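Chemist: As input, take coords_13.txt (compact mmCIF, C-alpha atoms and all ligand atoms):
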```txt
# COMPACT_ATOMS: atom_id res chain seq x y z
CA MET A 1 25.33 -57.97 101.57
CA ASN A 2 25.36 -56.33 104.95
CA ASP A 3 22.41 -54.00 104.95
CA PHE A 4 22.65 -51.61 107.84
CA ASP A 5 19.45 -50.92 109.68
CA ARG A 6 17.68 -48.06 107.92
CA THR A 7 16.64 -46.69 111.31
CA LEU A 8 20.28 -45.64 111.87
CA ARG A 9 20.97 -42.00 111.06
CA PRO A 10 22.39 -41.32 107.56
CA GLU A 11 25.69 -40.13 109.08
CA SER A 12 26.15 -43.63 110.54
CA ARG A 13 24.96 -45.62 107.54
CA ILE A 14 27.02 -43.64 105.06
CA VAL A 15 30.33 -44.94 106.43
CA HIS A 16 29.10 -48.54 106.17
CA PRO A 17 28.01 -48.94 102.54
CA PRO A 18 26.52 -52.37 101.82
CA VAL A 19 29.26 -54.70 100.57
CA VAL A 20 28.85 -57.90 98.60
CA GLN A 21 30.28 -60.57 100.90
CA VAL A 22 32.88 -62.87 99.47
CA ASN A 23 33.95 -65.35 102.16
CA GLY A 24 31.88 -64.64 105.24
CA SER A 25 34.02 -61.78 106.54
CA ARG A 26 33.08 -58.21 105.70
CA PRO A 27 35.70 -55.99 104.04
CA MET A 28 35.78 -52.53 105.63
CA GLY A 29 36.86 -50.85 102.41
CA VAL A 30 34.58 -51.68 99.47
CA PRO A 31 36.60 -53.96 97.12
CA LEU A 32 37.04 -52.89 93.51
CA HIS A 33 35.74 -55.68 91.24
CA GLN A 34 37.18 -54.55 87.94
CA GLY A 35 36.81 -57.83 85.99
CA HIS A 36 33.91 -57.49 83.57
CA VAL A 37 32.57 -61.06 83.31
CA PHE A 38 31.70 -63.87 85.74
CA ALA A 39 31.78 -67.64 85.10
CA PHE A 40 29.12 -70.20 86.15
CA ALA A 41 28.92 -73.95 86.77
CA SER A 42 25.80 -74.38 84.66
CA SER A 43 23.83 -72.62 81.94
CA ASP A 44 20.78 -72.59 84.23
CA ALA A 45 22.73 -70.72 86.92
CA LEU A 46 24.00 -68.28 84.30
CA ALA A 47 20.49 -67.73 82.91
CA ALA A 48 19.11 -67.14 86.42
CA ALA A 49 21.75 -64.49 87.10
CA PHE A 50 20.47 -62.43 84.16
CA SER A 51 17.14 -61.95 85.92
CA GLY A 52 17.02 -58.28 86.93
CA PRO A 53 18.69 -55.30 88.56
CA ASP A 54 19.37 -57.23 91.75
CA GLY A 55 20.13 -60.63 90.19
CA GLY A 56 23.52 -62.33 90.27
CA PHE A 57 26.60 -60.90 88.56
CA VAL A 58 27.20 -61.93 84.95
CA TYR A 59 28.56 -59.07 82.93
CA ASN A 60 29.41 -55.59 84.16
CA ARG A 61 26.88 -53.77 82.00
CA ASN A 62 24.12 -55.70 83.84
CA GLY A 63 25.56 -55.40 87.32
CA ASN A 64 28.80 -55.48 89.29
CA PRO A 65 29.51 -55.98 93.01
CA THR A 66 31.25 -52.62 93.47
CA VAL A 67 28.58 -50.79 91.49
CA ARG A 68 25.88 -52.62 93.49
CA SER A 69 27.40 -51.32 96.76
CA LEU A 70 27.08 -47.75 95.50
CA GLU A 71 23.51 -48.36 94.30
CA GLU A 72 22.43 -49.89 97.62
CA ALA A 73 24.17 -47.18 99.65
CA VAL A 74 22.48 -44.31 97.81
CA ALA A 75 19.10 -46.09 97.61
CA GLY A 76 19.28 -46.46 101.40
CA LEU A 77 20.11 -42.78 101.94
CA GLU A 78 17.30 -41.60 99.64
CA GLY A 79 14.77 -44.07 101.08
CA GLY A 80 14.31 -45.84 97.72
CA THR A 81 13.76 -49.52 96.98
CA GLY A 82 16.77 -49.63 94.64
CA ALA A 83 19.07 -47.57 92.44
CA LEU A 84 20.84 -47.67 89.11
CA ALA A 85 24.37 -46.27 88.86
CA THR A 86 25.24 -44.69 85.51
CA SER A 87 28.25 -43.37 83.68
CA SER A 88 27.33 -39.74 84.54
CA GLY A 89 24.46 -37.58 85.72
CA MET A 90 23.45 -37.02 82.09
CA GLY A 91 23.60 -40.81 81.63
CA ALA A 92 21.02 -41.17 84.42
CA ILE A 93 18.78 -38.40 83.07
CA ASN A 94 18.80 -39.68 79.49
CA THR A 95 18.29 -43.29 80.57
CA VAL A 96 15.27 -42.37 82.70
CA LEU A 97 13.70 -40.13 80.02
CA LEU A 98 14.28 -42.58 77.16
CA ALA A 99 13.07 -45.55 79.22
CA LEU A 100 9.82 -43.85 80.23
CA LEU A 101 8.83 -41.71 77.22
CA ARG A 102 7.65 -42.39 73.70
CA SER A 103 6.68 -40.14 70.77
CA GLY A 104 3.56 -38.10 71.48
CA ASP A 105 4.06 -38.10 75.26
CA HIS A 106 3.93 -34.84 77.17
CA VAL A 107 6.46 -33.75 79.80
CA ILE A 108 6.12 -30.95 82.35
CA ALA A 109 9.55 -29.64 83.33
CA GLN A 110 10.89 -26.77 85.33
CA ARG A 111 12.01 -23.76 83.30
CA SER A 112 15.34 -23.37 85.09
CA LEU A 113 17.00 -26.71 84.40
CA TYR A 114 20.56 -27.95 84.26
CA GLY A 115 21.76 -27.03 80.73
CA GLY A 116 22.27 -30.64 79.65
CA THR A 117 18.76 -31.60 80.76
CA PHE A 118 17.27 -28.62 78.92
CA ALA A 119 19.15 -29.65 75.75
CA THR A 120 18.00 -33.29 76.08
CA LEU A 121 14.36 -32.22 76.39
CA ALA A 122 14.71 -29.87 73.40
CA ASP A 123 16.13 -32.78 71.41
CA LEU A 124 13.26 -35.07 72.44
CA VAL A 125 10.83 -32.41 71.20
CA GLU A 126 12.60 -31.85 67.90
CA ARG A 127 13.50 -35.40 66.89
CA TRP A 128 11.16 -37.67 68.85
CA GLY A 129 7.87 -35.74 68.89
CA VAL A 130 7.72 -35.41 72.66
CA GLU A 131 5.86 -32.32 73.93
CA VAL A 132 7.27 -30.23 76.80
CA THR A 133 5.66 -27.51 78.91
CA HIS A 134 8.01 -25.53 81.14
CA VAL A 135 6.77 -24.22 84.48
CA ALA A 136 8.21 -22.22 87.36
CA GLY A 137 9.12 -24.15 90.49
CA ASP A 138 6.92 -22.34 92.98
CA ASP A 139 3.33 -22.69 91.74
CA PRO A 140 1.50 -26.06 91.82
CA ALA A 141 -1.43 -24.46 89.97
CA GLU A 142 0.84 -24.09 86.94
CA VAL A 143 1.40 -27.87 86.92
CA THR A 144 -2.34 -28.49 87.26
CA ALA A 145 -2.99 -26.15 84.32
CA ALA A 146 -0.27 -27.82 82.20
CA LEU A 147 -1.56 -31.40 82.69
CA ARG A 148 -2.87 -33.10 79.54
CA PRO A 149 -4.24 -36.60 78.92
CA ASN A 150 -0.82 -37.55 77.45
CA THR A 151 1.28 -36.12 80.32
CA ARG A 152 3.67 -38.87 81.40
CA LEU A 153 6.43 -37.18 83.37
CA LEU A 154 7.18 -34.25 85.68
CA HIS A 155 10.87 -33.27 85.86
CA LEU A 156 12.05 -31.02 88.70
CA GLU A 157 15.29 -29.97 90.40
CA THR A 158 15.38 -29.49 94.19
CA VAL A 159 17.48 -26.31 93.93
CA SER A 160 17.98 -24.41 90.69
CA ASN A 161 21.22 -23.25 89.14
CA PRO A 162 22.67 -20.62 89.53
CA THR A 163 20.15 -18.53 91.49
CA THR A 164 19.36 -21.27 94.07
CA ARG A 165 15.57 -21.05 93.81
CA VAL A 166 14.08 -23.86 95.92
CA THR A 167 11.35 -25.91 94.23
CA ASP A 168 8.07 -26.61 96.00
CA LEU A 169 8.54 -30.37 95.61
CA PRO A 170 5.55 -31.46 97.75
CA GLY A 171 3.21 -28.99 96.01
CA LEU A 172 4.28 -29.64 92.41
CA ILE A 173 4.50 -33.42 92.86
CA ALA A 174 1.02 -33.57 94.46
CA ALA A 175 -0.37 -31.51 91.57
CA ALA A 176 1.11 -33.95 89.02
CA LYS A 177 -0.05 -37.01 91.01
CA ALA A 178 -3.64 -35.78 90.79
CA ALA A 179 -3.50 -37.13 87.22
CA ALA A 180 -3.05 -40.86 86.66
CA GLY A 181 0.16 -42.23 85.18
CA VAL A 182 2.51 -39.26 85.67
CA VAL A 183 5.99 -40.30 86.83
CA THR A 184 7.67 -37.63 88.98
CA VAL A 185 11.43 -37.24 88.62
CA VAL A 186 13.57 -34.98 90.85
CA ASP A 187 17.21 -34.10 90.20
CA ASN A 188 18.50 -33.87 93.78
CA THR A 189 22.16 -33.16 92.89
CA PHE A 190 22.34 -29.78 94.66
CA ALA A 191 20.72 -30.97 97.92
CA THR A 192 22.08 -34.54 98.32
CA PRO A 193 20.03 -37.06 100.36
CA LEU A 194 21.46 -35.56 103.54
CA LEU A 195 19.57 -32.29 103.02
CA CYS A 196 16.46 -33.44 101.13
CA ARG A 197 14.91 -36.81 100.26
CA PRO A 198 12.44 -36.19 97.42
CA ILE A 199 10.88 -39.69 97.76
CA GLU A 200 9.52 -38.51 101.13
CA HIS A 201 7.75 -35.76 99.16
CA GLY A 202 6.22 -38.16 96.64
CA ALA A 203 8.91 -38.44 93.94
CA ASP A 204 9.07 -41.70 91.97
CA VAL A 205 12.64 -41.28 90.71
CA VAL A 206 15.53 -39.28 92.18
CA ILE A 207 18.48 -38.36 89.98
CA HIS A 208 22.03 -37.52 91.03
CA SER A 209 25.05 -36.28 89.25
CA ALA A 210 27.35 -38.18 91.63
CA THR A 211 30.12 -36.24 89.90
CA LYS A 212 29.22 -33.43 92.31
CA TYR A 213 28.69 -33.82 96.09
CA LEU A 214 28.38 -37.62 96.33
CA GLY A 215 31.82 -38.19 94.77
CA GLY A 216 32.95 -34.85 96.11
CA HIS A 217 36.60 -34.73 95.02
CA SER A 218 36.48 -33.61 91.37
CA ASP A 219 37.97 -36.91 90.21
CA VAL A 220 35.05 -38.99 88.92
CA LEU A 221 32.06 -38.75 86.58
CA ALA A 222 29.07 -40.83 87.71
CA GLY A 223 25.31 -40.68 88.08
CA LEU A 224 22.48 -42.40 89.90
CA ALA A 225 18.77 -42.91 89.48
CA VAL A 226 17.04 -43.99 92.70
CA PHE A 227 13.57 -45.54 92.54
CA ALA A 228 10.63 -45.42 94.94
CA GLY A 229 9.37 -48.73 93.55
CA ARG A 230 10.53 -51.93 91.96
CA GLU A 231 8.61 -51.66 88.67
CA LEU A 232 10.24 -48.40 87.52
CA HIS A 233 13.65 -49.67 88.63
CA GLU A 234 13.31 -52.78 86.47
CA LYS A 235 12.12 -50.80 83.44
CA VAL A 236 14.88 -48.18 83.61
CA TRP A 237 17.56 -50.80 84.32
CA ARG A 238 16.57 -52.71 81.17
CA HIS A 239 16.92 -49.55 79.15
CA ALA A 240 20.31 -48.77 80.72
CA LEU A 241 21.54 -52.14 79.44
CA GLU A 242 20.42 -51.25 75.92
CA LEU A 243 22.02 -47.81 76.09
CA GLY A 244 25.18 -49.08 77.72
CA ALA A 245 24.86 -46.26 80.24
CA THR A 246 25.70 -48.21 83.39
CA ALA A 247 28.58 -47.19 85.66
CA ASP A 248 32.16 -48.36 85.41
CA PRO A 249 33.32 -50.19 88.59
CA PHE A 250 36.28 -47.88 89.18
CA ALA A 251 34.03 -44.82 88.91
CA ALA A 252 31.62 -46.46 91.37
CA TRP A 253 34.53 -47.25 93.71
CA LEU A 254 35.79 -43.66 93.67
CA THR A 255 32.26 -42.39 94.24
CA LEU A 256 31.85 -44.74 97.25
CA ARG A 257 35.17 -43.60 98.65
CA GLY A 258 33.98 -39.99 98.47
CA LEU A 259 30.46 -40.77 99.66
CA GLN A 260 31.62 -41.97 103.06
CA THR A 261 32.66 -38.42 104.07
CA LEU A 262 29.61 -36.71 102.57
CA ALA A 263 28.06 -35.93 105.96
CA LEU A 264 31.17 -34.05 107.12
CA ARG A 265 31.67 -32.29 103.81
CA ILE A 266 28.05 -31.20 103.39
CA ARG A 267 27.97 -29.70 106.91
CA ARG A 268 31.06 -27.66 106.05
CA HIS A 269 29.72 -26.66 102.61
CA CYS A 270 26.47 -25.43 104.19
CA ASP A 271 28.07 -23.57 107.09
CA THR A 272 30.68 -21.83 104.93
CA ALA A 273 28.18 -20.95 102.18
CA LEU A 274 25.86 -19.29 104.72
CA ASP A 275 28.78 -17.43 106.29
CA LEU A 276 30.05 -16.17 102.91
CA ALA A 277 26.50 -15.30 101.78
CA ARG A 278 26.06 -13.06 104.83
CA ARG A 279 29.42 -11.35 104.33
CA LEU A 280 28.79 -10.84 100.61
CA ALA A 281 25.37 -9.30 101.37
CA ALA A 282 27.10 -6.63 103.46
CA HIS A 283 29.73 -5.80 100.81
CA PRO A 284 29.27 -2.49 98.94
CA ALA A 285 30.15 -3.98 95.51
CA VAL A 286 27.38 -6.59 95.83
CA THR A 287 23.76 -5.69 94.98
CA ALA A 288 22.11 -9.04 95.75
CA VAL A 289 23.02 -12.46 97.17
CA HIS A 290 21.09 -15.59 96.18
CA TYR A 291 21.24 -18.19 98.95
CA PRO A 292 18.13 -19.81 100.45
CA GLY A 293 19.56 -19.52 103.96
CA LEU A 294 19.25 -15.72 103.82
CA ALA A 295 15.93 -14.22 104.99
CA THR A 296 16.00 -12.00 101.85
CA HIS A 297 15.78 -15.04 99.53
CA PRO A 298 12.34 -15.46 97.89
CA ASP A 299 12.18 -19.15 98.94
CA HIS A 300 13.59 -18.75 102.45
CA GLU A 301 10.38 -19.99 104.14
CA LEU A 302 10.14 -22.99 101.80
CA ALA A 303 13.82 -23.76 102.39
CA LEU A 304 13.23 -23.85 106.15
CA ARG A 305 10.66 -26.62 105.57
CA LEU A 306 12.27 -28.53 102.68
CA LEU A 307 15.96 -28.14 103.60
CA PRO A 308 15.86 -27.78 107.39
CA GLU A 309 19.42 -29.01 107.88
CA GLY A 310 21.14 -26.64 105.48
CA ASN A 311 20.90 -25.09 102.05
CA GLY A 312 23.87 -26.60 100.26
CA GLY A 313 27.14 -25.23 99.01
CA VAL A 314 26.09 -23.18 95.99
CA LEU A 315 25.36 -19.47 96.17
CA ALA A 316 25.27 -16.66 93.63
CA PHE A 317 25.62 -12.91 93.89
CA ASP A 318 25.18 -9.87 91.64
CA LEU A 319 27.90 -7.28 91.23
CA ALA A 320 27.03 -3.58 90.92
CA GLY A 321 29.60 -3.32 88.13
CA GLY A 322 27.69 -5.77 85.89
CA ARG A 323 29.22 -8.01 83.22
CA GLU A 324 32.74 -6.55 83.26
CA ALA A 325 32.96 -6.59 87.06
CA ALA A 326 31.80 -10.23 87.18
CA ARG A 327 34.39 -11.25 84.60
CA ALA A 328 37.12 -9.38 86.46
CA PHE A 329 36.08 -10.98 89.76
CA THR A 330 36.12 -14.56 88.43
CA GLU A 331 39.52 -13.96 86.83
CA SER A 332 40.99 -12.45 90.04
CA VAL A 333 40.32 -15.22 92.57
CA ARG A 334 43.42 -17.06 93.78
CA LEU A 335 42.34 -19.69 96.34
CA ALA A 336 39.07 -20.29 94.47
CA SER A 337 39.28 -21.36 90.82
CA LEU A 338 37.42 -20.27 87.71
CA ALA A 339 35.77 -23.53 86.64
CA PRO A 340 32.37 -25.08 85.94
CA SER A 341 31.07 -27.96 88.11
CA LEU A 342 30.36 -27.90 91.83
CA GLY A 343 30.15 -30.17 94.84
CA GLY A 344 33.88 -30.85 95.22
CA VAL A 345 36.19 -29.97 98.08
CA HIS A 346 37.58 -26.98 96.14
CA THR A 347 35.79 -23.64 95.82
CA LEU A 348 34.91 -22.79 92.21
CA VAL A 349 33.58 -19.55 90.75
CA LEU A 350 31.80 -19.03 87.45
CA HIS A 351 30.34 -16.11 85.48
CA PRO A 352 27.23 -17.72 83.92
CA ALA A 353 26.52 -14.90 81.44
CA SER A 354 29.87 -15.40 79.68
CA THR A 355 30.22 -19.18 80.15
CA SER A 356 27.45 -21.70 81.01
CA HIS A 357 24.61 -19.38 79.87
CA ARG A 358 26.46 -17.51 77.08
CA GLN A 359 23.85 -18.48 74.44
CA LEU A 360 21.19 -16.44 76.25
CA SER A 361 20.49 -12.79 75.39
CA ASP A 362 20.34 -10.28 78.27
CA ALA A 363 16.51 -10.52 78.11
CA GLU A 364 16.59 -14.33 78.28
CA LEU A 365 19.09 -14.13 81.12
CA ALA A 366 16.78 -11.75 82.99
CA ALA A 367 13.83 -14.12 82.44
CA ALA A 368 15.92 -16.87 84.04
CA GLY A 369 16.67 -14.56 86.97
CA ILE A 370 20.34 -14.31 86.00
CA GLY A 371 21.97 -10.91 85.75
CA ALA A 372 24.85 -10.00 83.43
CA GLY A 373 26.77 -9.40 86.66
CA THR A 374 25.76 -12.62 88.44
CA VAL A 375 28.60 -14.79 89.78
CA ARG A 376 28.10 -18.36 90.99
CA VAL A 377 30.21 -19.70 93.84
CA ALA A 378 30.37 -23.44 94.49
CA VAL A 379 31.73 -23.28 98.00
CA GLY A 380 34.37 -25.89 98.91
CA ILE A 381 35.65 -26.99 102.30
CA GLU A 382 38.64 -24.63 102.67
CA HIS A 383 38.85 -22.46 105.80
CA PRO A 384 36.10 -19.83 105.62
CA GLU A 385 38.46 -16.99 106.61
CA ASP A 386 40.87 -17.83 103.79
CA LEU A 387 37.95 -18.01 101.37
CA TRP A 388 36.58 -14.67 102.50
CA ALA A 389 40.01 -13.06 102.20
CA ASP A 390 40.21 -14.37 98.63
CA LEU A 391 36.71 -13.20 97.67
CA GLU A 392 37.41 -9.79 99.25
CA GLN A 393 40.62 -9.23 97.29
CA ALA A 394 38.85 -10.28 94.06
CA LEU A 395 35.90 -7.99 94.86
CA ALA A 396 38.38 -5.11 95.21
CA LYS A 397 39.43 -5.74 91.57
CA ALA A 398 35.82 -5.94 90.29
C1 LIG A 401 26.26 -31.63 86.72
C2 LIG A 401 24.80 -31.83 86.76
C3 LIG A 401 24.18 -32.78 85.93
C4 LIG A 401 24.96 -33.60 84.91
O1 LIG A 401 25.78 -34.50 85.55
P1 LIG A 401 27.13 -35.09 84.85
O2 LIG A 401 27.63 -36.01 85.90
O3 LIG A 401 28.02 -33.93 84.57
O4 LIG A 401 26.68 -35.77 83.62
C5 LIG A 401 22.81 -32.94 86.02
N1 LIG A 401 22.08 -32.21 86.88
C6 LIG A 401 22.63 -31.29 87.70
C7 LIG A 401 21.77 -30.51 88.63
C8 LIG A 401 24.01 -31.07 87.67
O5 LIG A 401 24.57 -30.15 88.45
```
Is it possible to give me this structure as structure tokens?
Modeler:
Amino acid sequence: MNDFDRTLRPESRIVHPPVVQVNGSRPMGVPLHQGHVFAFASSDALAAAFSGPDGGFVYNRNGNPTVRSLEEAVAGLEGGTGALATSSGMGAINTVLLALLRSGDHVIAQRSLYGGTFATLADLVERWGVEVTHVAGDDPAEVTAALRPNTRLLHLETVSNPTTRVTDLPGLIAAAKAAAGVVTVVDNTFATPLLCRPIEHGADVVIHSATKYLGGHSDVLAGLAVFAGRELHEKVWRHALELGATADPFAAWLTLRGLQTLALRIRRHCDTALDLARRLAAHPAVTAVHYPGLATHPDHELALRLLPEGNGGVLAFDLAGGREAARAFTESVRLASLAPSLGGVHTLVLHPASTSHRQLSDAELAAAGIGAGTVRVAVGIEHPEDLWADLEQALAKA
């Protein structure tokens, strides 16, 4: 494989993903190796290729040249020693949790988690006897107080959904590391490695739903787990083989194709999101805007340190008209679309209280910092003036 010098800036490395070399020349587009099995001259050579996550290629569930390119590219961007590509973000999360936990273990996790992660943890508690303590993302002392002799894992998200609270990664990770044997896992989907690299803040494992910004075009489901060290990589990879959670080559190929423009897209997402956040904050129908780039955001100071190059493409805002106004708004957009997901080139809006968070009562919503009139906007890369015109006309109907 070509392995571009890690001292190059991410914007340069990202357009040269490592490629498995076939005949001495280096293909500029990453080839799609769709065939699922590889033949060998001897049984010894075949056996040797089964050796580990960076062994030879035998069978696609164990490893594949196209999938390996994606793994190496994202490991390089995150500053990890290696990565495992999975069938989805949830595939990565479940593989990591199931590989590292056993009955009776204790997990400390953020309270505001991606819904699928929250459900997985609840399931581990109910059916597997794992214990979970939920903490806020801004107080390391809460992690210290939650630590038990059986604590094995800390699970955090860089930026929370939908109210964009920024997690004190260095503080919470250091608090967990004060105890021996706690693996720290950070879901970095919202930030991407261009805005935040959790391994630099002490994380052992970084998770991505590559379905979002890394793929970036709303046409592929994929996930990644990036590792700060070889031992965890090996352990999680072995479990991925058992689960059958590894990535399909075509999904990896589409993700790589999207990944190469991530630097351009993320700059645009960040700039437009900040621009729209400021305009929304000045609109009379809007009572609050949640975007870390605004000085009014509770984590603005932390965001300046942790996300110095931009705060991502997701923002949320509260409408004075509450639940009905938020519904009307999300059903009135024309350039933007009413849809879940985020991180793609298209702008998407969502009313969490009546969709992604519909199971929560108003009190539970309030505890999660979500209002009945909160709208989430996953800002795409359309022209900001066209987006503002669309949001303005939908606000007039709310
Ligand atoms: C979407 C998402 C996931 C799940 O990823 P899938 O690719 O949909 O399985 C996990 N974490 C976060 C933060 C997400 O936004």
Chemist: Please, what distance in Å, to one decimal, runs between CA of Phe317 in chain A and CA of Pro384 in chain A?
Modeler: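 So the answer is 17.2 Å.
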Chemist: Find, counting all atoms listed in the file, the residue in A:Thr120, A:Val135, A:Asp5, A:Arg238 that gets nearest to Asp54 in chain A.
Modeler: A:Arg238
Chemist: So which one's closest to Leu97 in chain A, A:Glu72, A:Asp123, A:Asp139, A:Asp248? Using all atoms listed in the file, please.
Modeler: A:Asp123
Chemist: Could you list, as a PyMOL selection string, all residues that come within 7 Å of ligand LIG 401 (chain A)? Count only C-alpha atoms and all ligand atoms.
Modeler: chain A and resi 88-91+114+116-117+157+187-190+208-212+221-223+341
Chemist: Could you give me, as a list in words, the residues within 9 Å of Ala176 in chain A, counting only C-alpha atoms and dropping anything in the same chain fewer than 6 positions from it?
Modeler: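 Listed by chain and then number, they are Ile108, Pro140, Val143, Thr144, Leu147, Thr151, Leu153, Leu154, Val182, Val183 and Thr184 of chain A.
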Chemist: Some atoms are missing, so please complete range 173-180 of chain A with all heavy atoms and return it as an mmCIF file, in the coordinates of the input.
Modeler:
```
data_model
loop_
_atom_site.group_PDB
_atom_site.id
_atom_site.type_symbol
_atom_site.label_atom_id
_atom_site.label_comp_id
_atom_site.auth_asym_id
_atom_site.auth_seq_id
_atom_site.Cartn_x
_atom_site.Cartn_y
_atom_site.Cartn_z
ATOM 1 N N ILE A 173 4.660 -31.967 93.029
ATOM 2 C CA ILE A 173 4.500 -33.420 92.860
ATOM 3 C C ILE A 173 3.038 -33.817 93.120
ATOM 4 O O ILE A 173 2.455 -34.590 92.355
ATOM 5 C CB ILE A 173 5.471 -34.191 93.794
ATOM 6 C CG1 ILE A 173 6.902 -34.016 93.277
ATOM 7 C CG2 ILE A 173 5.105 -35.667 93.879
ATOM 8 C CD1 ILE A 173 7.985 -34.539 94.206
ATOM 9 N N ALA A 174 2.436 -33.246 94.170
ATOM 10 C CA ALA A 174 1.020 -33.570 94.460
ATOM 11 C C ALA A 174 0.133 -33.142 93.293
ATOM 12 O O ALA A 174 -0.796 -33.863 92.918
ATOM 13 C CB ALA A 174 0.588 -32.894 95.753
ATOM 14 N N ALA A 175 0.435 -31.990 92.699
ATOM 15 C CA ALA A 175 -0.370 -31.510 91.570
ATOM 16 C C ALA A 175 -0.276 -32.487 90.398
ATOM 17 O O ALA A 175 -1.275 -32.792 89.745
ATOM 18 C CB ALA A 175 0.081 -30.114 91.148
ATOM 19 N N ALA A 176 0.938 -33.005 90.142
ATOM 20 C CA ALA A 176 1.110 -33.950 89.020
ATOM 21 C C ALA A 176 0.449 -35.288 89.335
ATOM 22 O O ALA A 176 -0.112 -35.938 88.452
ATOM 23 C CB ALA A 176 2.596 -34.151 88.746
ATOM 24 N N LYS A 177 0.501 -35.700 90.619
ATOM 25 C CA LYS A 177 -0.050 -37.010 91.010
ATOM 26 C C LYS A 177 -1.583 -37.021 90.971
ATOM 27 O O LYS A 177 -2.180 -38.105 91.029
ATOM 28 C CB LYS A 177 0.419 -37.371 92.425
ATOM 29 C CG LYS A 177 1.900 -37.679 92.505
ATOM 30 C CD LYS A 177 2.172 -39.107 92.095
ATOM 31 C CE LYS A 177 3.646 -39.371 91.968
ATOM 32 N NZ LYS A 177 3.960 -40.630 91.349
ATOM 33 N N ALA A 178 -2.176 -35.831 90.897
ATOM 34 C CA ALA A 178 -3.640 -35.780 90.790
ATOM 35 C C ALA A 178 -4.092 -36.417 89.476
ATOM 36 O O ALA A 178 -5.235 -36.863 89.355
ATOM 37 C CB ALA A 178 -4.126 -34.332 90.887
ATOM 38 N N ALA A 179 -3.202 -36.454 88.483
ATOM 39 C CA ALA A 179 -3.500 -37.130 87.220
ATOM 40 C C ALA A 179 -2.909 -38.543 87.283
ATOM 41 O O ALA A 179 -1.869 -38.751 87.904
ATOM 42 C CB ALA A 179 -2.903 -36.356 86.054
ATOM 43 N N ALA A 180 -3.557 -39.477 86.628
ATOM 44 C CA ALA A 180 -3.050 -40.860 86.660
ATOM 45 C C ALA A 180 -1.856 -41.008 85.719
ATOM 46 O O ALA A 180 -1.798 -40.358 84.676
ATOM 47 C CB ALA A 180 -4.161 -41.820 86.254
#
```
